[in-house]
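File shown: query-v5.cif (mmCIF, C-alpha atoms and all ligand atoms).
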data_input
#
loop_
_atom_site.label_atom_id
_atom_site.label_comp_id
_atom_site.auth_asym_id
_atom_site.auth_seq_id
_atom_site.Cartn_x
_atom_site.Cartn_y
_atom_site.Cartn_z
CA MET A 14 -115.66 37.43 68.91
CA ALA A 15 -112.90 37.25 66.30
CA LYS A 16 -113.71 33.57 65.72
CA VAL A 17 -117.42 34.08 65.09
CA TYR A 18 -118.08 37.59 63.77
CA PRO A 19 -120.27 38.29 61.81
CA ALA A 20 -121.91 35.02 60.79
CA GLU A 21 -121.96 32.63 63.77
CA PRO A 22 -123.94 32.74 67.00
CA ALA A 23 -121.68 32.27 70.03
CA LYS A 24 -121.43 32.58 73.76
CA LEU A 25 -119.03 35.29 74.95
CA ASN A 26 -117.98 36.76 78.30
CA HIS A 27 -118.14 40.37 79.48
CA GLY A 28 -116.81 42.40 82.38
CA LEU A 29 -119.75 44.70 83.18
CA LEU A 30 -121.03 43.05 86.35
CA GLY A 31 -121.43 45.51 89.19
CA HIS A 32 -121.47 48.48 86.82
CA PRO A 33 -123.30 51.31 88.63
CA LEU A 34 -125.41 52.18 85.55
CA LEU A 35 -126.84 48.66 85.42
CA THR A 36 -128.44 48.24 88.86
CA LEU A 37 -132.25 48.14 89.09
CA ASP A 38 -132.21 51.54 90.84
CA ALA A 39 -130.12 53.07 88.04
CA LEU A 40 -132.41 51.50 85.42
CA ALA A 41 -135.49 52.91 87.14
CA ASP A 42 -133.83 56.36 86.88
CA LEU A 43 -133.02 55.66 83.22
CA ALA A 44 -136.70 54.80 82.57
CA ALA A 45 -137.64 58.14 84.14
CA ALA A 46 -135.11 59.98 81.94
CA LEU A 47 -135.95 58.40 78.56
CA PRO A 48 -138.75 59.81 76.38
CA ALA A 49 -141.96 57.85 77.08
CA ASP A 50 -142.15 56.56 73.51
CA GLU A 51 -138.76 54.83 73.90
CA ILE A 52 -140.12 52.62 76.65
CA GLU A 53 -142.20 49.59 75.90
CA TYR A 54 -143.60 47.67 78.80
CA ASN A 55 -146.24 45.33 79.94
CA PRO A 56 -147.75 46.56 83.21
CA GLY A 57 -148.22 42.97 84.29
CA LYS A 58 -150.49 41.38 86.81
CA LEU A 59 -150.07 41.23 90.54
CA PRO A 60 -149.40 37.83 92.06
CA ILE A 61 -152.02 36.14 94.25
CA GLY A 62 -150.03 36.76 97.40
CA ILE A 63 -148.61 40.26 97.89
CA ALA A 64 -147.94 42.29 101.04
CA PRO A 65 -150.40 45.21 101.36
CA GLU A 66 -147.59 47.77 101.42
CA ASP A 67 -146.35 46.40 98.08
CA VAL A 68 -149.64 46.83 96.25
CA PRO A 69 -149.31 49.78 93.89
CA ALA A 70 -152.02 52.43 94.10
CA SER A 71 -152.86 52.05 90.42
CA GLU A 72 -151.49 50.35 87.34
CA LEU A 73 -147.69 50.22 87.52
CA THR A 74 -145.65 52.77 85.62
CA ALA A 75 -142.50 51.61 83.81
CA VAL A 76 -140.40 52.89 86.71
CA GLU A 77 -142.53 51.00 89.25
CA THR A 78 -142.45 47.89 87.08
CA ILE A 79 -138.64 47.92 87.17
CA ARG A 80 -138.63 48.38 90.93
CA ASN A 81 -141.11 45.48 91.33
CA ILE A 82 -139.77 43.28 88.55
CA ALA A 83 -139.32 40.21 90.77
CA LYS A 84 -143.08 39.90 91.23
CA ALA A 85 -144.58 42.09 88.52
CA GLY A 86 -145.09 39.25 85.98
CA SER A 87 -143.95 41.78 83.43
CA TRP A 88 -141.20 43.14 81.22
CA VAL A 89 -139.76 46.54 80.31
CA ALA A 90 -137.74 47.40 77.19
CA LEU A 91 -135.71 50.63 77.45
CA LYS A 92 -134.89 51.62 73.88
CA ARG A 93 -132.10 53.69 72.41
CA ILE A 94 -130.49 54.26 75.78
CA GLU A 95 -127.75 56.30 74.04
CA GLN A 96 -130.12 59.26 74.31
CA VAL A 97 -129.00 59.57 77.94
CA PRO A 98 -125.36 60.78 77.99
CA ALA A 99 -123.99 58.38 80.64
CA TYR A 100 -125.43 55.40 78.76
CA ARG A 101 -124.16 56.73 75.44
CA GLU A 102 -120.66 56.82 76.91
CA LEU A 103 -121.01 53.28 78.21
CA LEU A 104 -122.33 51.97 74.87
CA HIS A 105 -119.62 53.70 72.85
CA ALA A 106 -116.89 52.47 75.21
CA ILE A 107 -118.01 48.85 74.83
CA LEU A 108 -118.36 49.09 71.06
CA ALA A 109 -114.96 50.76 70.76
CA GLU A 110 -113.41 47.58 72.15
CA LEU A 111 -114.95 45.61 69.28
CA ARG A 112 -113.97 47.97 66.48
CA GLY A 113 -110.75 46.13 65.68
CA VAL A 114 -112.63 42.89 65.01
CA VAL A 115 -115.69 44.41 63.36
CA GLU A 116 -114.44 47.04 60.93
CA PRO A 117 -111.94 44.96 58.91
CA ARG A 118 -114.75 42.49 58.16
CA THR A 119 -117.97 44.45 57.79
CA GLY A 120 -116.79 48.05 57.37
CA ALA A 121 -117.62 51.11 59.44
CA MET A 122 -119.76 50.64 62.57
CA MET A 123 -122.84 52.85 62.25
CA GLN A 124 -126.12 53.56 64.02
CA LEU A 125 -124.85 52.51 67.45
CA GLU A 126 -127.87 51.72 69.60
CA GLY A 127 -128.38 50.16 73.02
CA PHE A 128 -131.42 48.52 74.57
CA ILE A 129 -132.00 47.24 78.09
CA PHE A 130 -134.52 44.52 78.89
CA VAL A 131 -135.79 44.10 82.45
CA THR A 132 -137.96 41.01 82.70
CA SER A 133 -139.85 39.03 85.31
CA PRO A 134 -139.20 35.30 85.79
CA GLY A 135 -140.46 33.08 83.00
CA SER A 136 -141.13 35.83 80.41
CA VAL A 137 -140.91 34.79 76.76
CA THR A 138 -139.90 36.92 73.76
CA PRO A 139 -141.55 35.43 70.65
CA PHE A 140 -139.75 34.17 67.57
CA HIS A 141 -138.40 37.02 65.42
CA PHE A 142 -135.32 38.40 63.70
CA ASP A 143 -133.58 41.79 63.81
CA PRO A 144 -131.68 43.84 61.22
CA GLU A 145 -128.76 44.78 63.52
CA HIS A 146 -125.49 43.21 64.57
CA ASN A 147 -126.15 42.47 68.22
CA ILE A 148 -124.50 41.26 71.40
CA LEU A 149 -126.81 40.50 74.31
CA LEU A 150 -125.01 40.88 77.65
CA GLN A 151 -126.58 39.28 80.71
CA ILE A 152 -126.37 41.40 83.86
CA MET A 153 -128.82 39.73 86.26
CA GLY A 154 -130.63 36.38 86.19
CA ALA A 155 -130.48 33.85 83.37
CA LYS A 156 -131.88 33.80 79.87
CA THR A 157 -131.98 31.13 77.18
CA MET A 158 -131.96 32.19 73.56
CA THR A 159 -132.65 29.63 70.86
CA LEU A 160 -131.07 30.74 67.58
CA PHE A 161 -131.67 29.47 64.08
CA PRO A 162 -129.52 29.55 60.96
CA VAL A 163 -129.10 32.95 59.36
CA GLU A 164 -131.12 33.38 56.18
CA ASP A 165 -132.29 29.77 55.93
CA GLU A 166 -134.68 30.19 53.01
CA VAL A 167 -136.33 26.85 53.74
CA MET A 168 -137.59 28.43 56.98
CA PHE A 169 -138.36 31.84 55.42
CA SER A 170 -138.54 32.48 51.71
CA ALA A 171 -136.58 35.25 50.02
CA PRO A 172 -139.73 37.42 49.66
CA VAL A 173 -140.18 37.38 53.47
CA HIS A 174 -136.63 38.78 53.87
CA GLU A 175 -137.31 41.38 51.19
CA GLU A 176 -140.59 42.49 52.76
CA PHE A 177 -138.90 42.76 56.16
CA HIS A 178 -136.28 45.17 54.82
CA LEU A 179 -138.96 47.23 53.11
CA GLY A 180 -140.97 47.47 56.32
CA LEU A 181 -143.75 45.29 54.88
CA HIS A 182 -143.26 42.29 57.19
CA HIS A 183 -143.41 42.42 60.98
CA ARG A 184 -140.23 41.36 62.76
CA ASN A 185 -142.13 38.52 64.46
CA LEU A 186 -141.97 35.38 62.37
CA PRO A 187 -144.48 32.54 61.95
CA TRP A 188 -143.40 29.47 63.92
CA GLN A 189 -143.58 25.87 62.74
CA ASP A 190 -142.81 22.96 65.07
CA ASP A 191 -140.43 21.35 62.58
CA PHE A 192 -138.11 24.39 62.89
CA ALA A 193 -137.23 23.28 66.44
CA GLN A 194 -134.64 20.74 65.28
CA LYS A 195 -132.66 23.51 63.56
CA GLY A 196 -132.37 25.60 66.73
CA ARG A 197 -129.37 25.97 68.98
CA SER A 198 -130.06 27.04 72.57
CA ILE A 199 -127.56 29.17 74.45
CA THR A 200 -128.11 29.99 78.13
CA ILE A 201 -126.40 33.05 79.56
CA ARG A 202 -125.92 34.04 83.18
CA PRO A 203 -124.44 37.21 84.68
CA GLY A 204 -121.09 37.90 83.03
CA GLU A 205 -121.98 36.00 79.84
CA ALA A 206 -123.20 37.25 76.47
CA ILE A 207 -124.49 36.02 73.12
CA HIS A 208 -123.40 37.20 69.70
CA VAL A 209 -126.60 37.32 67.63
CA PRO A 210 -125.81 37.56 63.89
CA VAL A 211 -127.85 39.94 61.71
CA LYS A 212 -131.24 38.33 61.00
CA ALA A 213 -130.54 35.08 62.84
CA PRO A 214 -134.11 34.12 63.88
CA HIS A 215 -134.41 33.64 67.66
CA TRP A 216 -136.76 33.41 70.60
CA VAL A 217 -135.92 33.96 74.26
CA LYS A 218 -137.04 32.51 77.57
CA ASN A 219 -136.17 33.98 80.93
CA GLY A 220 -134.99 31.82 83.80
CA ASP A 221 -136.59 31.62 87.25
CA GLU A 222 -135.08 34.90 88.50
CA PRO A 223 -135.72 38.46 87.35
CA SER A 224 -133.46 39.27 84.44
CA VAL A 225 -131.57 42.33 83.22
CA SER A 226 -129.89 42.24 79.80
CA LEU A 227 -128.10 44.90 77.81
CA SER A 228 -128.25 44.66 74.03
CA ILE A 229 -125.55 46.54 72.13
CA THR A 230 -126.22 46.90 68.42
CA TRP A 231 -124.72 48.43 65.33
CA ARG A 232 -125.14 48.45 61.56
CA SER A 233 -122.34 48.14 59.07
CA ASP A 234 -121.50 48.68 55.41
CA TRP A 235 -122.06 44.96 55.04
CA SER A 236 -125.46 44.81 56.78
CA TYR A 237 -126.75 47.83 54.84
CA ALA A 238 -125.60 46.28 51.55
CA GLU A 239 -127.35 43.00 52.32
CA ALA A 240 -130.55 44.85 53.24
CA ASP A 241 -130.41 47.02 50.10
CA ALA A 242 -129.71 44.01 47.87
CA ARG A 243 -132.82 42.36 49.32
CA ALA A 244 -134.82 45.51 48.58
CA PHE A 245 -133.52 45.56 44.98
CA ASN A 246 -134.50 41.90 44.57
CA HIS A 247 -138.03 42.85 45.58
CA VAL A 248 -138.12 45.17 42.55
CA LEU A 249 -136.70 42.51 40.23
CA ARG A 250 -139.33 40.08 41.48
CA LYS A 251 -142.07 42.59 40.62
CA PHE A 252 -140.78 42.50 37.05
CA GLY A 253 -141.29 38.74 37.02
CA LEU A 254 -137.66 37.79 37.62
CA SER A 255 -136.38 35.29 40.20
CA PRO A 256 -133.25 37.00 41.47
CA ALA A 257 -130.53 35.14 43.35
CA SER A 258 -130.48 35.95 47.07
CA PRO A 259 -127.64 38.09 48.42
CA GLY A 260 -124.52 36.08 49.19
CA ALA A 261 -123.74 35.14 52.80
CA PHE A 262 -120.73 36.81 54.45
CA PRO A 263 -118.01 37.35 53.19
CA ALA A 264 -119.96 38.25 50.01
CA GLN A 265 -120.44 42.02 50.08
CA ASN A 266 -123.47 42.41 47.77
CA ARG A 267 -122.36 45.83 46.59
CA GLY A 268 -123.70 45.64 43.00
CA LYS A 269 -127.36 45.22 43.86
CA ALA A 270 -127.06 47.54 46.86
CA LEU A 271 -125.74 50.32 44.60
CA ALA A 272 -128.51 49.65 42.09
CA TRP A 273 -131.13 49.97 44.85
CA ARG A 274 -129.56 53.18 46.18
CA ALA A 275 -129.50 54.69 42.68
CA MET A 276 -133.15 53.76 42.18
CA ARG A 277 -134.12 55.23 45.54
CA LYS A 278 -132.41 58.48 44.60
CA LEU A 279 -134.26 58.62 41.28
CA LYS A 280 -137.55 58.06 43.11
CA GLY A 281 -136.64 60.85 45.52
CA ALA A 282 -135.95 63.20 42.59
CA ALA A 283 -139.18 62.34 40.75
FE FE A 301 -134.15 40.03 69.06
#
Would you kindly transcribe this structure into structure tokens?
Amino acid sequence: MAKVYPAEPAKLNHGLLGHPLLTLDALADLAAALPADEIEYNPGKLPIGIAPEDVPASELTAVETIRNIAKAGSWVALKRIEQVPAYRELLHAILAELRGVVEPRTGAMMQLEGFIFVTSPGSVTPFHFDPEHNILLQIMGAKTMTLFPVEDEVMFSAPVHEEFHLGLHHRNLPWQDDFAQKGRSITIRPGEAIHVPVKAPHWVKNGDEPSVSLSITWRSDWSYAEADARAFNHVLRKFGLSPASPGAFPAQNRGKALAWRAMRKLKGAA
């Protein structure tokens, strides 16, 4: 992590295999404990061949989908797992181990959030980017993530980044076949992890087994400053200017970020 944080994608290792909070049974209980609006799932379709006793009475619930994930043809995203105390402790314990690498480079770790993805064989997560620092830890099955260069403005123009930070652009990104050559694929199996830099575009394909992954995320002084500098550039662009994009790490982008924050405060006061 020290070699790659925060700018480079990389394969890492983790020691969470066999953790009692990460079994399918525990995750089904977690799905039952989380507020319904923190669970996103696709109820899936039944396979052609299924034993009568395995056929659910009606459409699968999220809990049933997790229990049947091997054959559900489906996926479940459990969001903001830190709302359940045992998972909050787990998330904070993992992130505490990274603090010594993270904070000297990108400042305080903030908005600590965890997500768990339970997916059937072959599922695909479409091309998108995310605003958080992220490490994806593989617990069960295999997953291949193809990552693209961070903030490559040939792939996505500066206004797309600005609209994303202002909530005006969906996180899913338009795909073009000629992007493929810029991608780097990393496959992770149980015990392995991927460092996903802030806003590195990526798409994900599951292997042939059901998959469980834990995503641990945080924001930082640096990531907030980059986001706010993008937002400020959006304003400059409205005035007909062509502002320079925020600098890549280790640039800190504080000037424009402070300008945006001051403007936001004025708006709030008006
Ligand atoms: Fe993502």
> Hey, what's within 12 Å of Ala106 in chain A if we count all atoms listed in the file and toss same-chain stuff fewer than 6 positions away? As number ranges by chain, please?
Replying inline: A: 29, 95, 99-100, 112, 125, 127, 229
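Of the listed residues (A:Phe142, A:Glu166, A:Ser224, A:Ser258), A:Ser224 comes nearest to Thr36 in chain A; the distances count only C-alpha atoms.
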To check your reading of the model: which residues sit at most 7 Å from ligand FE 301 (chain A) when counting all atoms listed in the file? Write the answer as a PDB file with C-alpha atoms, in the frame of the given file.
ATOM      1  CA  HIS A 141    -138.400  37.020  65.420  1.00  0.00           C
ATOM      2  CA  PHE A 142    -135.320  38.400  63.700  1.00  0.00           C
ATOM      3  CA  ASP A 143    -133.580  41.790  63.810  1.00  0.00           C
ATOM      4  CA  HIS A 215    -134.410  33.640  67.660  1.00  0.00           C
TER       5      HIS A 215
END
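With distances taken over all atoms listed in the file, A:His174 is the one residue among A:His183, A:His174, A:Arg232, A:Lys92 lying closest to Pro259 in chain A.
Nearest residue to Ala213 in chain A among A:His105, A:Arg243, A:Arg80, A:His146 is A:His146, counting all atoms listed in the file.
Proximity of A:Val17, A:Val167, A:Ile82, A:Ile201 to Phe262 in chain A, computed with only C-alpha atoms, is greatest for A:Val17.
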> Which protein, DNA or RNA residues are at most 12 Å from (-141.6, 29.7, 67.2) in the file's coordinates when you count only C-alpha atoms, listed as a PyMOL selection string?
Replying inline: chain A and resi 137-142+158-161+168+185-196+214-218
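Distances to Leu73 in chain A were evaluated for A:Tyr54, A:Phe177, A:Phe252, A:Phe169 using only C-alpha atoms, and the minimum falls at A:Tyr54.
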List as a tab-separated table every residue of range 78-125 of chain A that is in contact with range 42-53 of chain A, defined as an atom at most 7 Å from one of its atoms (using only C-alpha atoms), together with the nearest atom pair and the distance in Å rounded to one decimal, sorted by chain and then rising number.
residue	atom	partner	partner_atom	distance
A:Val89	CA	A:Glu53	CA	5.9
A:Ala90	CA	A:Glu53	CA	5.1
A:Leu91	CA	A:Ile52	CA	4.9
A:Lys92	CA	A:Glu51	CA	5.0
A:Arg93	CA	A:Glu51	CA	6.9
> Using all atoms listed in the file, which residue out of A:Ala242, A:Ile94, A:Val131, A:Ala109 lies closest to Glu77 in chain A?
Replying inline: A:Val131
Write out as a PDB file with C-alpha atoms, in the coordinates of the input the residues lying within 7 Å of Trp273 in chain A, counting all atoms listed in the file and excluding same-chain residues fewer than 5 positions away.
ATOM      1  CA  ASP A 241    -130.410  47.020  50.100  1.00  0.00           C
ATOM      2  CA  ALA A 242    -129.710  44.010  47.870  1.00  0.00           C
ATOM      3  CA  ALA A 244    -134.820  45.510  48.580  1.00  0.00           C
ATOM      4  CA  PHE A 245    -133.520  45.560  44.980  1.00  0.00           C
TER       5      PHE A 245
END
Each side padded by 5 Å, which centre and which edge lengths in Å (one decimal) define the axis-aligned box around the listed atoms of range 120-135 of chain A? Give them as JSON.
{"center_x": -128.6, "center_y": 43.3, "center_z": 71.6, "size_x": 33.7, "size_y": 30.5, "size_z": 38.4}
> What is the distance between CA of Lys212 in chain A and CA of Gly154 in chain A, in Å to one decimal?
Replying inline: 25.3 Å
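For the pair CA of Leu227 in chain A and CA of Gly31 in chain A, the separation is 13.2 Å.
Interatomic distance, CA of Gln151 in chain A to CA of Pro203 in chain A: 5.0 Å.
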>> I'd like the contact shell of Glu222 in chain A - 10 Å cut-off, all atoms listed in the file, skipping same-chain residues fewer than 5 positions apart - returned as a PyMOL selection string.
In response: chain A and resi 82-84+132-135+153-156
Fill-in result for range 81-92 of chain A, N, CA and C atoms as a PDB file, in the coordinates of the input:
ATOM      1  N   ASN A  81    -140.366  46.662  90.832  1.00  0.00           N
ATOM      2  CA  ASN A  81    -141.110  45.480  91.330  1.00  0.00           C
ATOM      3  C   ASN A  81    -140.927  44.273  90.411  1.00  0.00           C
ATOM      4  N   ILE A  82    -139.848  44.251  89.646  1.00  0.00           N
ATOM      5  CA  ILE A  82    -139.770  43.280  88.550  1.00  0.00           C
ATOM      6  C   ILE A  82    -139.805  41.828  89.046  1.00  0.00           C
ATOM      7  N   ALA A  83    -139.356  41.588  90.277  1.00  0.00           N
ATOM      8  CA  ALA A  83    -139.320  40.210  90.770  1.00  0.00           C
ATOM      9  C   ALA A  83    -140.720  39.609  90.829  1.00  0.00           C
ATOM     10  N   LYS A  84    -141.726  40.449  91.085  1.00  0.00           N
ATOM     11  CA  LYS A  84    -143.080  39.900  91.230  1.00  0.00           C
ATOM     12  C   LYS A  84    -144.087  40.544  90.297  1.00  0.00           C
ATOM     13  N   ALA A  85    -143.634  41.356  89.358  1.00  0.00           N
ATOM     14  CA  ALA A  85    -144.580  42.090  88.520  1.00  0.00           C
ATOM     15  C   ALA A  85    -145.170  41.221  87.400  1.00  0.00           C
ATOM     16  N   GLY A  86    -144.587  40.071  87.088  1.00  0.00           N
ATOM     17  CA  GLY A  86    -145.090  39.250  85.980  1.00  0.00           C
ATOM     18  C   GLY A  86    -145.059  40.047  84.692  1.00  0.00           C
ATOM     19  N   SER A  87    -143.946  40.723  84.430  1.00  0.00           N
ATOM     20  CA  SER A  87    -143.950  41.780  83.430  1.00  0.00           C
ATOM     21  C   SER A  87    -142.598  41.885  82.735  1.00  0.00           C
ATOM     22  N   TRP A  88    -142.483  42.844  81.838  1.00  0.00           N
ATOM     23  CA  TRP A  88    -141.200  43.140  81.220  1.00  0.00           C
ATOM     24  C   TRP A  88    -141.166  44.607  80.821  1.00  0.00           C
ATOM     25  N   VAL A  89    -139.958  45.146  80.741  1.00  0.00           N
ATOM     26  CA  VAL A  89    -139.760  46.540  80.310  1.00  0.00           C
ATOM     27  C   VAL A  89    -138.616  46.551  79.298  1.00  0.00           C
ATOM     28  N   ALA A  90    -138.817  47.191  78.164  1.00  0.00           N
ATOM     29  CA  ALA A  90    -137.740  47.400  77.190  1.00  0.00           C
ATOM     30  C   ALA A  90    -137.411  48.891  77.156  1.00  0.00           C
ATOM     31  N   LEU A  91    -136.183  49.235  77.508  1.00  0.00           N
ATOM     32  CA  LEU A  91    -135.710  50.630  77.450  1.00  0.00           C
ATOM     33  C   LEU A  91    -134.941  50.752  76.144  1.00  0.00           C
ATOM     34  N   LYS A  92    -135.444  51.583  75.240  1.00  0.00           N
ATOM     35  CA  LYS A  92    -134.890  51.620  73.880  1.00  0.00           C
ATOM     36  C   LYS A  92    -134.004  52.823  73.663  1.00  0.00           C
TER      37      LYS A  92
END
